>>> print(open('run-v3.txt').read())   # compact mmCIF, C-alpha atoms
# COMPACT_ATOMS: atom_id res chain seq x y z
CA MET A 1 -109.66 -86.85 -43.23
CA PRO A 2 -112.24 -88.53 -40.98
CA PRO A 3 -110.84 -90.90 -38.35
CA ALA A 4 -112.74 -93.85 -39.85
CA ALA A 5 -110.73 -93.50 -43.07
CA ARG A 6 -107.40 -94.02 -41.38
CA ASP A 7 -105.45 -97.17 -40.94
CA ARG A 8 -105.53 -97.17 -37.14
CA ARG A 9 -103.27 -100.18 -36.85
CA ARG A 10 -100.65 -98.42 -38.98
CA ASP A 11 -100.96 -95.31 -36.79
CA ARG A 12 -100.39 -97.42 -33.69
CA LEU A 13 -97.27 -98.99 -35.17
CA ILE A 14 -95.84 -95.61 -36.17
CA ALA A 15 -96.64 -94.19 -32.71
CA LEU A 16 -94.93 -97.17 -31.06
CA ALA A 17 -91.88 -96.66 -33.26
CA PHE A 18 -91.65 -93.05 -32.16
CA LEU A 19 -92.07 -94.15 -28.55
CA GLY A 20 -89.15 -96.58 -28.95
CA VAL A 21 -86.92 -93.92 -30.50
CA ALA A 22 -87.74 -91.49 -27.68
CA ALA A 23 -86.94 -94.15 -25.06
CA LEU A 24 -83.65 -94.98 -26.77
CA PHE A 25 -82.38 -91.44 -26.19
CA ARG A 26 -83.89 -90.88 -22.73
CA LEU A 27 -83.30 -93.95 -20.60
CA PRO A 28 -79.58 -94.83 -21.11
CA ARG A 29 -77.26 -93.05 -18.65
CA LEU A 30 -80.26 -91.28 -17.14
CA GLY A 31 -78.55 -91.10 -13.74
CA PHE A 32 -75.55 -89.13 -15.02
CA PRO A 33 -74.50 -86.78 -13.61
CA PRO A 34 -75.18 -88.28 -10.19
CA GLU A 35 -75.86 -84.91 -8.55
CA GLU A 36 -78.62 -82.31 -8.72
CA ILE A 37 -78.19 -79.98 -11.69
CA PHE A 38 -79.81 -76.60 -12.36
CA ASP A 39 -83.37 -76.48 -10.93
CA GLU A 40 -83.16 -80.06 -9.68
CA ILE A 41 -81.80 -78.51 -6.50
CA TYR A 42 -85.35 -77.21 -5.96
CA HIS A 43 -87.64 -79.69 -7.68
CA ALA A 44 -85.99 -82.97 -6.66
CA LYS A 45 -85.64 -81.80 -3.06
CA THR A 46 -89.23 -80.60 -3.00
CA ALA A 47 -90.39 -83.99 -4.27
CA LEU A 48 -88.56 -85.65 -1.38
CA GLN A 49 -90.07 -83.17 1.08
CA TYR A 50 -93.57 -84.04 -0.12
CA LEU A 51 -92.81 -87.71 0.61
CA HIS A 52 -91.68 -86.79 4.14
CA GLY A 53 -94.64 -84.49 4.78
CA GLU A 54 -92.38 -81.43 5.02
CA SER A 55 -93.03 -77.92 3.78
CA PRO A 56 -91.84 -77.67 0.17
CA THR A 57 -88.75 -75.66 -0.66
CA GLU A 58 -90.08 -74.87 -4.14
CA TRP A 59 -93.60 -73.49 -3.85
CA VAL A 60 -93.66 -70.97 -6.73
CA HIS A 61 -95.13 -73.48 -9.21
CA PRO A 62 -98.15 -75.72 -8.57
CA PRO A 63 -97.33 -79.18 -7.17
CA THR A 64 -98.19 -81.73 -9.88
CA ALA A 65 -94.74 -82.04 -11.47
CA LYS A 66 -93.02 -82.40 -8.08
CA LEU A 67 -95.55 -85.01 -6.99
CA LEU A 68 -94.84 -87.02 -10.13
CA ILE A 69 -91.10 -86.72 -9.58
CA ALA A 70 -91.73 -87.95 -6.02
CA ALA A 71 -93.17 -91.19 -7.42
CA GLY A 72 -89.76 -92.17 -8.81
CA ILE A 73 -88.06 -91.28 -5.53
CA TRP A 74 -90.64 -93.25 -3.56
CA LEU A 75 -90.00 -96.32 -5.72
CA PHE A 76 -86.21 -96.21 -6.01
CA GLY A 77 -84.86 -93.85 -3.36
CA TYR A 78 -83.33 -90.41 -3.49
CA ASN A 79 -80.87 -90.73 -6.35
CA SER A 80 -80.43 -89.04 -9.70
CA TRP A 81 -81.89 -91.91 -11.75
CA ALA A 82 -85.01 -92.01 -9.58
CA TRP A 83 -85.77 -88.30 -9.59
CA ARG A 84 -85.32 -88.18 -13.39
CA LEU A 85 -87.39 -91.29 -14.10
CA LEU A 86 -90.84 -89.66 -14.34
CA PRO A 87 -89.59 -86.76 -16.49
CA ALA A 88 -88.05 -89.37 -18.82
CA ILE A 89 -91.34 -91.27 -18.97
CA ALA A 90 -93.15 -88.01 -19.73
CA GLY A 91 -90.68 -87.26 -22.52
CA ILE A 92 -91.09 -90.75 -23.95
CA ALA A 93 -94.89 -90.47 -23.82
CA LEU A 94 -94.84 -87.10 -25.59
CA ALA A 95 -93.52 -88.65 -28.83
CA PRO A 96 -96.53 -90.89 -29.63
CA VAL A 97 -98.98 -88.36 -28.18
CA PHE A 98 -97.61 -85.67 -30.47
CA TYR A 99 -97.76 -88.01 -33.46
CA TYR A 100 -101.46 -88.64 -32.82
CA PHE A 101 -101.96 -84.90 -32.34
CA ALA A 102 -100.21 -84.17 -35.64
CA ARG A 103 -102.14 -86.96 -37.33
CA ARG A 104 -105.39 -85.27 -36.37
CA ALA A 105 -104.22 -81.72 -37.05
CA LEU A 106 -102.51 -82.31 -40.40
CA ALA A 107 -103.83 -83.59 -43.70
CA THR A 108 -101.50 -86.50 -44.40
CA GLU A 109 -99.68 -89.25 -42.58
CA ARG A 110 -96.35 -88.09 -44.02
CA ALA A 111 -96.86 -84.56 -42.71
CA ALA A 112 -97.52 -85.99 -39.22
CA ILE A 113 -94.41 -88.18 -39.42
CA LEU A 114 -92.24 -85.27 -40.56
CA ALA A 115 -93.61 -83.04 -37.78
CA THR A 116 -92.87 -85.70 -35.17
CA VAL A 117 -89.35 -86.24 -36.50
CA CYS A 118 -88.77 -82.48 -36.20
CA LEU A 119 -89.86 -82.54 -32.57
CA LEU A 120 -87.78 -85.61 -31.73
CA ALA A 121 -84.71 -83.91 -33.19
CA ASP A 122 -84.95 -80.98 -30.77
CA GLY A 123 -82.29 -80.61 -28.11
CA VAL A 124 -84.44 -78.90 -25.47
CA TYR A 125 -87.02 -81.68 -25.73
CA LEU A 126 -84.32 -84.26 -25.04
CA VAL A 127 -82.66 -82.36 -22.19
CA GLN A 128 -85.92 -81.51 -20.43
CA SER A 129 -86.86 -85.20 -20.59
CA ARG A 130 -83.72 -86.06 -18.62
CA VAL A 131 -83.84 -83.55 -15.75
CA ALA A 132 -86.16 -83.28 -12.76
CA MET A 133 -87.91 -80.08 -13.78
CA THR A 134 -91.49 -79.07 -14.53
CA ASN A 135 -91.27 -78.16 -18.23
CA ILE A 136 -91.59 -81.57 -19.86
CA PHE A 137 -94.73 -82.37 -17.85
CA ALA A 138 -96.35 -79.08 -18.87
CA VAL A 139 -95.69 -79.71 -22.57
CA LEU A 140 -96.93 -83.31 -22.38
CA PHE A 141 -100.16 -82.28 -20.67
CA GLN A 142 -100.69 -79.30 -23.00
CA VAL A 143 -100.27 -81.41 -26.15
CA THR A 144 -102.44 -84.20 -24.76
CA SER A 145 -105.22 -81.77 -23.88
CA ALA A 146 -104.91 -80.23 -27.36
CA LEU A 147 -105.27 -83.69 -28.92
CA PHE A 148 -108.51 -84.44 -27.07
CA ILE A 149 -110.01 -80.97 -27.50
CA LEU A 150 -109.15 -80.94 -31.21
CA ARG A 151 -110.76 -84.33 -31.70
CA ALA A 152 -113.81 -83.16 -29.79
CA VAL A 153 -114.41 -79.88 -31.61
CA LEU A 154 -114.04 -81.48 -35.05
CA ALA A 155 -116.73 -84.07 -34.30
CA GLU A 156 -120.29 -83.48 -35.46
CA ARG A 157 -121.49 -83.75 -31.86
CA LEU A 158 -119.17 -82.91 -28.97
CA PRO A 159 -118.06 -86.29 -27.54
CA ILE A 160 -118.26 -86.45 -23.78
CA THR A 161 -115.20 -88.66 -23.31
CA ASP A 162 -112.87 -86.46 -25.36
CA MET A 163 -114.08 -83.31 -23.63
CA LEU A 164 -113.64 -84.82 -20.17
CA ALA A 165 -110.19 -86.13 -21.07
CA GLY A 166 -109.26 -82.73 -22.46
CA GLY A 167 -110.38 -81.11 -19.21
CA LEU A 168 -108.38 -83.59 -17.16
CA PHE A 169 -105.17 -82.85 -19.02
CA LEU A 170 -105.83 -79.12 -18.96
CA GLY A 171 -106.06 -79.45 -15.19
CA LEU A 172 -102.80 -81.40 -15.04
CA ALA A 173 -101.11 -78.77 -17.22
CA LEU A 174 -102.38 -75.87 -15.12
CA SER A 175 -101.39 -77.62 -11.90
CA THR A 176 -97.88 -78.01 -13.32
CA ARG A 177 -97.14 -74.54 -14.68
CA TRP A 178 -99.29 -71.42 -14.86
CA THR A 179 -98.00 -70.80 -18.38
CA SER A 180 -100.48 -73.50 -19.40
CA LEU A 181 -103.15 -70.79 -19.11
CA TRP A 182 -102.06 -69.71 -22.59
CA ALA A 183 -102.75 -73.21 -23.93
CA TRP A 184 -106.09 -73.13 -22.07
CA GLY A 185 -107.00 -69.85 -23.79
CA PHE A 186 -105.92 -71.07 -27.22
CA LEU A 187 -107.96 -74.26 -26.97
CA GLY A 188 -110.97 -72.31 -25.70
CA LEU A 189 -110.70 -70.01 -28.72
CA LEU A 190 -110.40 -73.06 -30.98
CA LEU A 191 -113.65 -74.42 -29.60
CA LEU A 192 -115.49 -71.13 -30.15
CA VAL A 193 -114.18 -70.69 -33.70
CA VAL A 194 -114.93 -74.24 -34.82
CA ARG A 195 -118.25 -74.78 -33.05
CA ARG A 196 -119.58 -71.23 -33.60
CA ALA A 197 -123.30 -71.08 -32.78
CA ARG A 198 -123.30 -74.72 -31.68
CA ALA A 199 -121.04 -73.78 -28.76
CA PHE A 200 -123.96 -71.97 -27.13
CA ARG A 201 -126.35 -74.88 -27.15
CA PRO A 202 -127.12 -76.06 -23.60
CA ARG A 203 -125.35 -79.42 -23.97
CA GLU A 204 -122.20 -77.91 -25.45
CA LEU A 205 -122.17 -75.04 -22.96
CA ALA A 206 -122.37 -77.54 -20.12
CA LEU A 207 -119.59 -79.73 -21.54
CA THR A 208 -117.40 -76.68 -22.14
CA ALA A 209 -117.94 -75.43 -18.59
CA VAL A 210 -117.00 -78.84 -17.21
CA ALA A 211 -113.95 -79.34 -19.47
CA PHE A 212 -112.55 -75.81 -19.23
CA GLY A 213 -113.72 -74.89 -15.74
CA LEU A 214 -114.87 -77.52 -13.30
CA ILE A 215 -112.40 -80.32 -14.05
CA PRO A 216 -109.27 -78.12 -14.32
CA LEU A 217 -110.19 -76.33 -11.10
CA GLY A 218 -110.83 -79.63 -9.35
CA VAL A 219 -107.52 -81.12 -10.51
CA TYR A 220 -105.69 -77.95 -9.48
CA ILE A 221 -107.15 -78.09 -5.97
CA LEU A 222 -106.49 -81.82 -5.64
CA SER A 223 -102.82 -81.27 -6.53
CA TYR A 224 -102.54 -79.28 -3.28
CA VAL A 225 -103.87 -82.09 -1.06
CA PRO A 226 -100.34 -83.08 0.12
CA TRP A 227 -99.70 -79.41 0.95
CA MET A 228 -103.01 -79.24 2.83
CA ARG A 229 -102.07 -82.34 4.80
CA GLN A 230 -99.15 -80.35 6.19
CA GLY A 231 -101.62 -78.24 8.14
CA HIS A 232 -102.88 -75.79 5.51
CA PRO A 233 -106.68 -75.56 5.25
CA LEU A 234 -108.31 -75.12 1.87
CA SER A 235 -108.96 -71.48 2.74
CA ASP A 236 -105.17 -70.91 2.64
CA LEU A 237 -104.98 -71.84 -1.03
CA TRP A 238 -106.18 -68.47 -2.33
CA PRO A 239 -103.64 -66.43 -0.28
CA HIS A 240 -101.00 -68.98 -1.34
CA THR A 241 -101.98 -68.46 -5.00
CA ARG A 242 -101.68 -64.70 -4.60
CA ALA A 243 -98.24 -65.21 -3.03
CA ILE A 244 -97.16 -67.22 -6.09
CA TRP A 245 -98.33 -64.40 -8.36
CA ARG A 246 -96.52 -61.79 -6.31
CA TYR A 247 -93.34 -63.87 -6.36
CA HIS A 248 -93.25 -64.03 -10.15
CA ALA A 249 -94.48 -60.46 -10.68
CA ASP A 250 -91.97 -58.96 -8.23
CA LEU A 251 -89.00 -61.20 -9.05
CA ARG A 252 -86.02 -59.01 -9.92
CA ALA A 253 -83.24 -61.53 -9.43
CA THR A 254 -80.56 -62.00 -12.07
CA HIS A 255 -78.99 -65.14 -13.48
CA PRO A 256 -76.06 -65.75 -15.85
CA TYR A 257 -78.34 -67.53 -18.32
CA PHE A 258 -81.23 -65.06 -18.24
CA SER A 259 -82.45 -64.02 -21.70
CA LYS A 260 -85.15 -61.73 -23.10
CA TRP A 261 -88.19 -63.48 -24.55
CA TYR A 262 -87.71 -62.09 -28.05
CA THR A 263 -84.23 -63.66 -28.29
CA TRP A 264 -85.35 -67.24 -27.66
CA PRO A 265 -86.08 -68.40 -31.22
CA TRP A 266 -82.62 -67.18 -32.27
CA LEU A 267 -80.86 -69.16 -29.50
CA TYR A 268 -79.13 -66.06 -28.21
CA ARG A 269 -78.48 -67.48 -24.73
CA PRO A 270 -78.98 -71.24 -24.23
CA THR A 271 -78.83 -72.50 -20.64
CA TRP A 272 -76.01 -74.76 -19.44
CA TYR A 273 -77.27 -77.17 -16.79
CA TYR A 274 -73.96 -78.96 -16.23
CA PHE A 275 -70.32 -78.59 -17.22
CA ASN A 276 -67.33 -80.57 -15.99
CA GLN A 277 -63.75 -80.37 -17.21
CA ASP A 278 -61.50 -83.28 -16.33
CA SER A 279 -58.01 -81.94 -16.92
CA GLU A 280 -56.36 -85.19 -15.87
CA ASN A 281 -58.11 -87.20 -18.56
CA GLU A 282 -58.41 -84.20 -20.89
CA ILE A 283 -62.14 -84.55 -21.42
CA VAL A 284 -65.16 -82.30 -20.94
CA ARG A 285 -68.78 -83.21 -20.28
CA GLY A 286 -71.72 -80.89 -20.44
CA ILE A 287 -75.49 -80.56 -20.69
CA VAL A 288 -76.91 -77.50 -22.42
CA ALA A 289 -80.59 -76.85 -23.00
CA ILE A 290 -80.15 -75.68 -26.56
CA GLY A 291 -82.78 -75.99 -29.23
CA ASN A 292 -81.85 -77.51 -32.56
CA PRO A 293 -80.71 -74.42 -34.53
CA VAL A 294 -82.22 -75.75 -37.76
CA LEU A 295 -85.61 -75.99 -36.01
CA TRP A 296 -85.59 -72.99 -33.67
CA TRP A 297 -84.19 -70.53 -36.22
CA ALA A 298 -86.93 -71.64 -38.60
CA SER A 299 -89.74 -71.47 -36.03
CA VAL A 300 -90.65 -67.80 -36.55
CA PRO A 301 -90.32 -67.83 -40.38
CA VAL A 302 -92.36 -71.03 -40.72
CA THR A 303 -95.01 -69.62 -38.37
CA LEU A 304 -95.27 -66.48 -40.50
CA TRP A 305 -95.54 -68.71 -43.58
CA ALA A 306 -98.35 -70.69 -41.93
CA LEU A 307 -100.25 -67.55 -40.92
CA VAL A 308 -99.89 -65.63 -44.20
CA THR A 309 -100.49 -68.51 -46.60
CA GLY A 310 -103.11 -70.01 -44.32
CA ALA A 311 -105.06 -66.74 -44.30
CA ARG A 312 -104.81 -66.39 -48.07
CA ALA A 313 -105.86 -69.99 -48.72
CA ARG A 314 -108.31 -70.07 -45.81
CA ASP A 315 -106.51 -73.18 -44.62
CA PRO A 316 -107.52 -73.90 -41.01
CA ARG A 317 -104.61 -76.33 -40.53
CA ARG A 318 -101.94 -73.72 -41.20
CA LEU A 319 -103.80 -71.12 -39.15
CA PHE A 320 -104.12 -73.59 -36.27
CA SER A 321 -100.39 -74.33 -36.14
CA GLY A 322 -99.36 -70.71 -36.65
CA LEU A 323 -101.72 -69.34 -34.02
CA GLY A 324 -100.78 -72.12 -31.61
CA TYR A 325 -97.15 -71.03 -31.76
CA CYS A 326 -98.12 -67.39 -31.22
CA PHE A 327 -100.42 -68.16 -28.28
CA LEU A 328 -97.77 -70.24 -26.53
CA TYR A 329 -94.91 -67.81 -27.21
CA LEU A 330 -95.98 -64.16 -27.54
CA PRO A 331 -97.61 -63.81 -24.08
CA TRP A 332 -94.11 -63.94 -22.64
CA GLY A 333 -93.80 -60.41 -23.96
CA ILE A 334 -96.38 -59.20 -21.43
CA SER A 335 -95.53 -61.61 -18.63
CA PRO A 336 -94.72 -59.75 -15.39
CA ARG A 337 -91.91 -62.20 -14.65
CA THR A 338 -88.57 -60.87 -15.86
CA LEU A 339 -86.20 -63.74 -14.97
CA ASN A 340 -86.79 -66.06 -17.93
CA TYR A 341 -84.79 -68.63 -19.89
CA SER A 342 -84.74 -69.59 -23.54
CA HIS A 343 -85.95 -73.15 -22.93
CA TYR A 344 -89.37 -71.70 -22.01
CA LEU A 345 -90.03 -71.44 -25.74
CA PHE A 346 -90.29 -75.24 -25.81
CA GLU A 347 -94.01 -75.00 -25.02
CA ALA A 348 -94.55 -73.37 -28.45
CA ILE A 349 -92.16 -75.57 -30.45
CA PRO A 350 -94.69 -78.41 -31.08
CA TYR A 351 -96.79 -75.98 -33.12
CA ALA A 352 -93.75 -74.90 -35.14
CA CYS A 353 -93.20 -78.59 -35.85
CA LEU A 354 -96.77 -78.86 -37.15
CA SER A 355 -96.07 -75.98 -39.57
CA LEU A 356 -92.80 -77.55 -40.65
CA GLY A 357 -94.50 -80.89 -41.19
CA MET A 358 -96.97 -79.27 -43.59
CA LEU A 359 -94.31 -77.26 -45.41
CA LEU A 360 -91.96 -80.21 -45.84
CA ASP A 361 -94.77 -82.53 -46.88
CA GLY A 362 -96.00 -80.08 -49.51
CA ASN A 363 -92.53 -79.89 -51.05
CA TRP A 364 -91.35 -83.47 -50.52
CA ASP A 365 -92.31 -84.61 -54.03
CA ALA A 366 -92.36 -81.18 -55.67
CA PRO A 367 -90.18 -80.41 -58.70
CA SER A 368 -86.60 -79.46 -57.94
CA PRO A 369 -85.24 -77.37 -56.33
CA ARG A 370 -88.13 -77.40 -53.80
CA ARG A 371 -87.89 -81.14 -53.30
CA ALA A 372 -84.12 -80.93 -52.79
CA LEU A 373 -84.55 -78.08 -50.30
CA ALA A 374 -87.14 -79.98 -48.25
CA ARG A 375 -85.02 -83.13 -48.04
CA THR A 376 -81.83 -81.21 -47.37
CA TYR A 377 -83.56 -79.33 -44.55
CA LEU A 378 -84.57 -82.57 -42.85
CA ALA A 379 -81.08 -84.02 -43.30
CA LEU A 380 -79.55 -80.88 -41.73
CA LEU A 381 -82.02 -81.05 -38.85
CA LEU A 382 -81.03 -84.64 -38.04
CA ALA A 383 -77.33 -83.95 -38.56
CA MET A 384 -77.46 -81.00 -36.15
CA PHE A 385 -79.21 -83.13 -33.55
CA VAL A 386 -76.48 -85.76 -33.76
CA PHE A 387 -73.77 -83.07 -33.70
CA PHE A 388 -75.03 -81.55 -30.43
CA LEU A 389 -75.87 -84.92 -28.87
CA PRO A 390 -72.69 -85.09 -26.73
CA PHE A 391 -73.76 -81.88 -24.96
CA LEU A 392 -77.34 -83.01 -24.58
CA LEU A 393 -76.37 -86.29 -22.87
CA ALA A 394 -73.07 -85.33 -21.14
CA ILE A 395 -71.07 -87.70 -23.35
CA PRO A 396 -67.32 -87.12 -22.78
CA ILE A 397 -65.57 -85.13 -25.49
CA PRO A 398 -61.79 -84.56 -25.79
CA MET A 399 -60.85 -81.12 -24.55
CA SER A 400 -58.96 -80.51 -27.80
CA TRP A 401 -62.22 -80.95 -29.73
CA TYR A 402 -64.25 -78.69 -27.47
CA TYR A 403 -61.67 -75.88 -27.40
CA PHE A 404 -60.64 -76.19 -31.05
CA ASP A 405 -60.61 -72.60 -32.24
CA ILE A 406 -60.95 -71.18 -35.75
CA HIS A 407 -60.70 -67.40 -35.52
CA GLY A 408 -62.82 -67.32 -32.37
CA TRP A 409 -65.32 -69.95 -33.57
CA ARG A 410 -65.56 -73.22 -31.64
CA PRO A 411 -67.46 -76.36 -32.68
CA TRP A 412 -70.16 -76.36 -29.98
CA THR A 413 -70.07 -72.73 -28.86
CA TRP A 414 -70.65 -70.80 -32.06
CA PHE A 415 -71.22 -67.43 -30.39
CA PRO A 416 -69.82 -65.81 -27.23
CA THR A 417 -73.28 -65.95 -25.61
CA TRP A 418 -73.34 -69.74 -25.95
CA VAL A 419 -70.67 -70.18 -23.27
>>> encode(input="run-v3.txt", output="structure tokens")
Amino acid sequence: MPPAARDRRRDRLIALAFLGVAALFRLPRLGFPPEEIFDEIYHAKTALQYLHGESPTEWVHPPTAKLLIAAGIWLFGYNSWAWRLLPAIAGIALAPVFYYFARRALATERAAILATVCLLADGVYLVQSRVAMTNIFAVLFQVTSALFILRAVLAERLPITDMLAGGLFLGLALSTRWTSLWAWGFLGLLLLVVRRARAFRPRELALTAVAFGLIPLGVYILSYVPWMRQGHPLSDLWPHTRAIWRYHADLRATHPYFSKWYTWPWLYRPTWYYFNQDSENEIVRGIVAIGNPVLWWASVPVTLWALVTGARARDPRRLFSGLGYCFLYLPWGISPRTLNYSHYLFEAIPYACLSLGMLLDGNWDAPSPRRALARTYLALLLAMFVFFLPFLLAIPIPMSWYYFDIHGWRPWTWFPTWV
């Protein structure tokens, strides 16, 4: 569907509605708990150190996310609400950005709405939007770059503005987490496949070099300016980059919530960021970075559906979403880093949501039982999000509810590895 055929005002209203829903779940009680949790002990402190011109404690990821976190601390002081403010804003922004991305990638408005609802119902998306960590920034920048690059490659003539914007957000993504290289590679492949021979024309070659090379490299270097102002010349950046690589490649530390990459879609070992048991008042509070089981357990099957049926039907939309998931997930199998966590799969989840949006949309008005299955799936997805909400937002729960036991099964810890 060409952009001119869309009701742009309607798209804006839907995007704003998704933005409001995202804000509703991210801003209230943002400062609780009032202490550093999980990797906030590194990222929030590093953000403060950048403000004070001190050497960063956390140097094993590029600086952009910590610099953005520092903006909240600079405005409102070193407190939990301030260091989580920019991650919350990033999480809120991701909702309308993803809707526009889905609107361009998918065939119908309903498919884009369903895909966005799937993403908004994910627990890891909500939790990462409410902690001072790097992940939510990486996903926001990756999806935004994908939106601009997708719009650019589908145009008859590569638009300069979209390509430059895509390069800017690729640079922001790469200067947040190196895992964004996989998004960079996927979008580069997309450009080559869609543009084909046109990609080698002088104008398109130049735009591609700028968007995929010059701008990302420039943004990456600029993100280290605060580090350079601490006495490091530009010539130190390459040895520093090699030190980052060696850190991740040689890391052999262990952690209670470590999990193998191939277990992530099955939620074998979700990561608890916070847990507090108040025996006096008989309540528990917790925050667990757990994906919505209805979404994450379906992510691999729906990706296989997109790839197989997309190849048979020669449907570029299904192939795009299926390959996007694979590009953002499967490289973890060859990553030299061994200490990994299940919430890393979140970078691939937006593409699973695209596949689900198409599958649900195609069956929404189909004859029963397909229609009933599609609508029941969405209802279960939303119900599961609401069910886990207390342990995504640290809402107090009676101890008797949390520890209620039925032959070893507990309401929020279904398996022994979920504790």
>>> atom_distance(input="run-v3.txt", atom1="CA of Thr116 (chain A)", atom2="CA of Ala95 (chain A)")
7.0 Å
>>> closest_residue(input="run-v3.txt", among="A:Val131, A:Ala112, A:Leu168, A:Val284", to="Pro396 (chain A)", atoms="only C-alpha atoms")
A:Val284
>>> residues_around(input="run-v3.txt", residues="region 65-67 of chain A", least_positions_apart="3", cutoff="6 Å", atoms="only C-alpha atoms", output="list in words")
Ala47, Ala70, Thr134 and Thr176 of chain A
>>> write_last_selection(input="run-v3.txt", atoms="C-alpha atoms", output="PDB file, in the frame of the given file")
ATOM      1  CA  ALA A  47     -90.390 -83.990  -4.270  1.00  0.00           C
ATOM      2  CA  ALA A  70     -91.730 -87.950  -6.020  1.00  0.00           C
ATOM      3  CA  THR A 134     -91.490 -79.070 -14.530  1.00  0.00           C
ATOM      4  CA  THR A 176     -97.880 -78.010 -13.320  1.00  0.00           C
TER       5      THR A 176
END
>>> residues_around(input="run-v3.txt", residues="Leu85 (chain A)", least_positions_apart="6", cutoff="10 Å", atoms="all atoms listed in the file", output="list in words")
Arg26, Leu27, Leu30, Gly31, Leu68, Ile69, Ala70, Ala71, Gly72, Ile73, Phe76, Gly91, Ser129, Arg130, Val131 and Ala132 of chain A
>>> residues_around(input="run-v3.txt", residues="Ala146 (chain A)", least_positions_apart="4", cutoff="9 Å", atoms="all atoms listed in the file", output="ChimeraX atom specification")
/A:101,141-142,150-151,166,169-170,183-184,187
>>> write_last_selection(input="run-v3.txt", atoms="C-alpha atoms", output="PDB file, in the coordinates of the input")
ATOM      1  CA  PHE A 101    -101.960 -84.900 -32.340  1.00  0.00           C
ATOM      2  CA  PHE A 141    -100.160 -82.280 -20.670  1.00  0.00           C
ATOM      3  CA  GLN A 142    -100.690 -79.300 -23.000  1.00  0.00           C
ATOM      4  CA  LEU A 150    -109.150 -80.940 -31.210  1.00  0.00           C
ATOM      5  CA  ARG A 151    -110.760 -84.330 -31.700  1.00  0.00           C
ATOM      6  CA  GLY A 166    -109.260 -82.730 -22.460  1.00  0.00           C
ATOM      7  CA  PHE A 169    -105.170 -82.850 -19.020  1.00  0.00           C
ATOM      8  CA  LEU A 170    -105.830 -79.120 -18.960  1.00  0.00           C
ATOM      9  CA  ALA A 183    -102.750 -73.210 -23.930  1.00  0.00           C
ATOM     10  CA  TRP A 184    -106.090 -73.130 -22.070  1.00  0.00           C
ATOM     11  CA  LEU A 187    -107.960 -74.260 -26.970  1.00  0.00           C
TER      12      LEU A 187
END
>>> closest_residue(input="run-v3.txt", among="A:Pro226, A:Pro96, A:Pro367, A:Pro331", to="Ile14 (chain A)", atoms="only C-alpha atoms")
A:Pro96
>>> closest_residue(input="run-v3.txt", among="A:Val153, A:Leu164, A:Ile395, A:Val210", to="Arg196 (chain A)", atoms="all atoms listed in the file")
A:Val153
>>> atom_distance(input="run-v3.txt", atom1="CA of Trp409 (chain A)", atom2="CA of Phe32 (chain A)")
28.6 Å
>>> axis_aligned_box(input="run-v3.txt", around="region 237-254 of chain A", padding_each_side="6 Å", output="JSON")
{"center_x": -93.4, "center_y": -65.4, "center_z": -6.2, "size_x": 37.6, "size_y": 24.9, "size_z": 23.8}
>>> closest_residue(input="run-v3.txt", among="A:Leu147, A:Ala197, A:Ile89, A:Ala102", to="Leu19 (chain A)", atoms="only C-alpha atoms")
A:Ile89
>>> atom_distance(input="run-v3.txt", atom1="CA of Phe320 (chain A)", atom2="CA of Phe385 (chain A)")
26.8 Å
>>> residues_around(input="run-v3.txt", residues="Tyr273 (chain A)", least_positions_apart="4", cutoff="7 Å", atoms="only C-alpha atoms", output="ChimeraX atom specification")
/A:37-38,287-288
>>> residues_around(input="run-v3.txt", residues="Arg318 (chain A)", least_positions_apart="6", cutoff="10 Å", atoms="all atoms listed in the file", output="PyMOL selection string")
chain A and resi 105-106+302-311+324+351+354-356+358-359
>>> closest_residue(input="run-v3.txt", among="A:Thr64, A:Asn276, A:Gln128, A:Asn281", to="Trp178 (chain A)", atoms="all atoms listed in the file")
A:Thr64
>>> closest_residue(input="run-v3.txt", among="A:Ser279, A:Ala348, A:Leu190, A:Ser235", to="Ser400 (chain A)", atoms="only C-alpha atoms")
A:Ser279
>>> decode(input="run-v3.txt", residues="region 371-385 of chain A", atoms="C-alpha atoms", output="PDB file, in the first residue's frame")
ATOM      1  CA  ARG A 371     -11.452 -16.856  13.887  1.00  0.00           C
ATOM      2  CA  ALA A 372     -12.107 -18.135  17.412  1.00  0.00           C
ATOM      3  CA  LEU A 373      -8.480 -19.235  17.763  1.00  0.00           C
ATOM      4  CA  ALA A 374      -7.126 -15.847  16.666  1.00  0.00           C
ATOM      5  CA  ARG A 375      -9.349 -13.912  19.053  1.00  0.00           C
ATOM      6  CA  THR A 376      -8.764 -16.328  21.906  1.00  0.00           C
ATOM      7  CA  TYR A 377      -5.011 -16.017  21.402  1.00  0.00           C
ATOM      8  CA  LEU A 378      -5.154 -12.235  21.717  1.00  0.00           C
ATOM      9  CA  ALA A 379      -7.381 -12.481  24.795  1.00  0.00           C
ATOM     10  CA  LEU A 380      -4.921 -14.915  26.419  1.00  0.00           C
ATOM     11  CA  LEU A 381      -2.010 -12.633  25.559  1.00  0.00           C
ATOM     12  CA  LEU A 382      -3.650  -9.663  27.294  1.00  0.00           C
ATOM     13  CA  ALA A 383      -4.827 -11.771  30.228  1.00  0.00           C
ATOM     14  CA  MET A 384      -1.301 -13.098  30.789  1.00  0.00           C
ATOM     15  CA  PHE A 385       0.096  -9.568  30.710  1.00  0.00           C
TER      16      PHE A 385
END
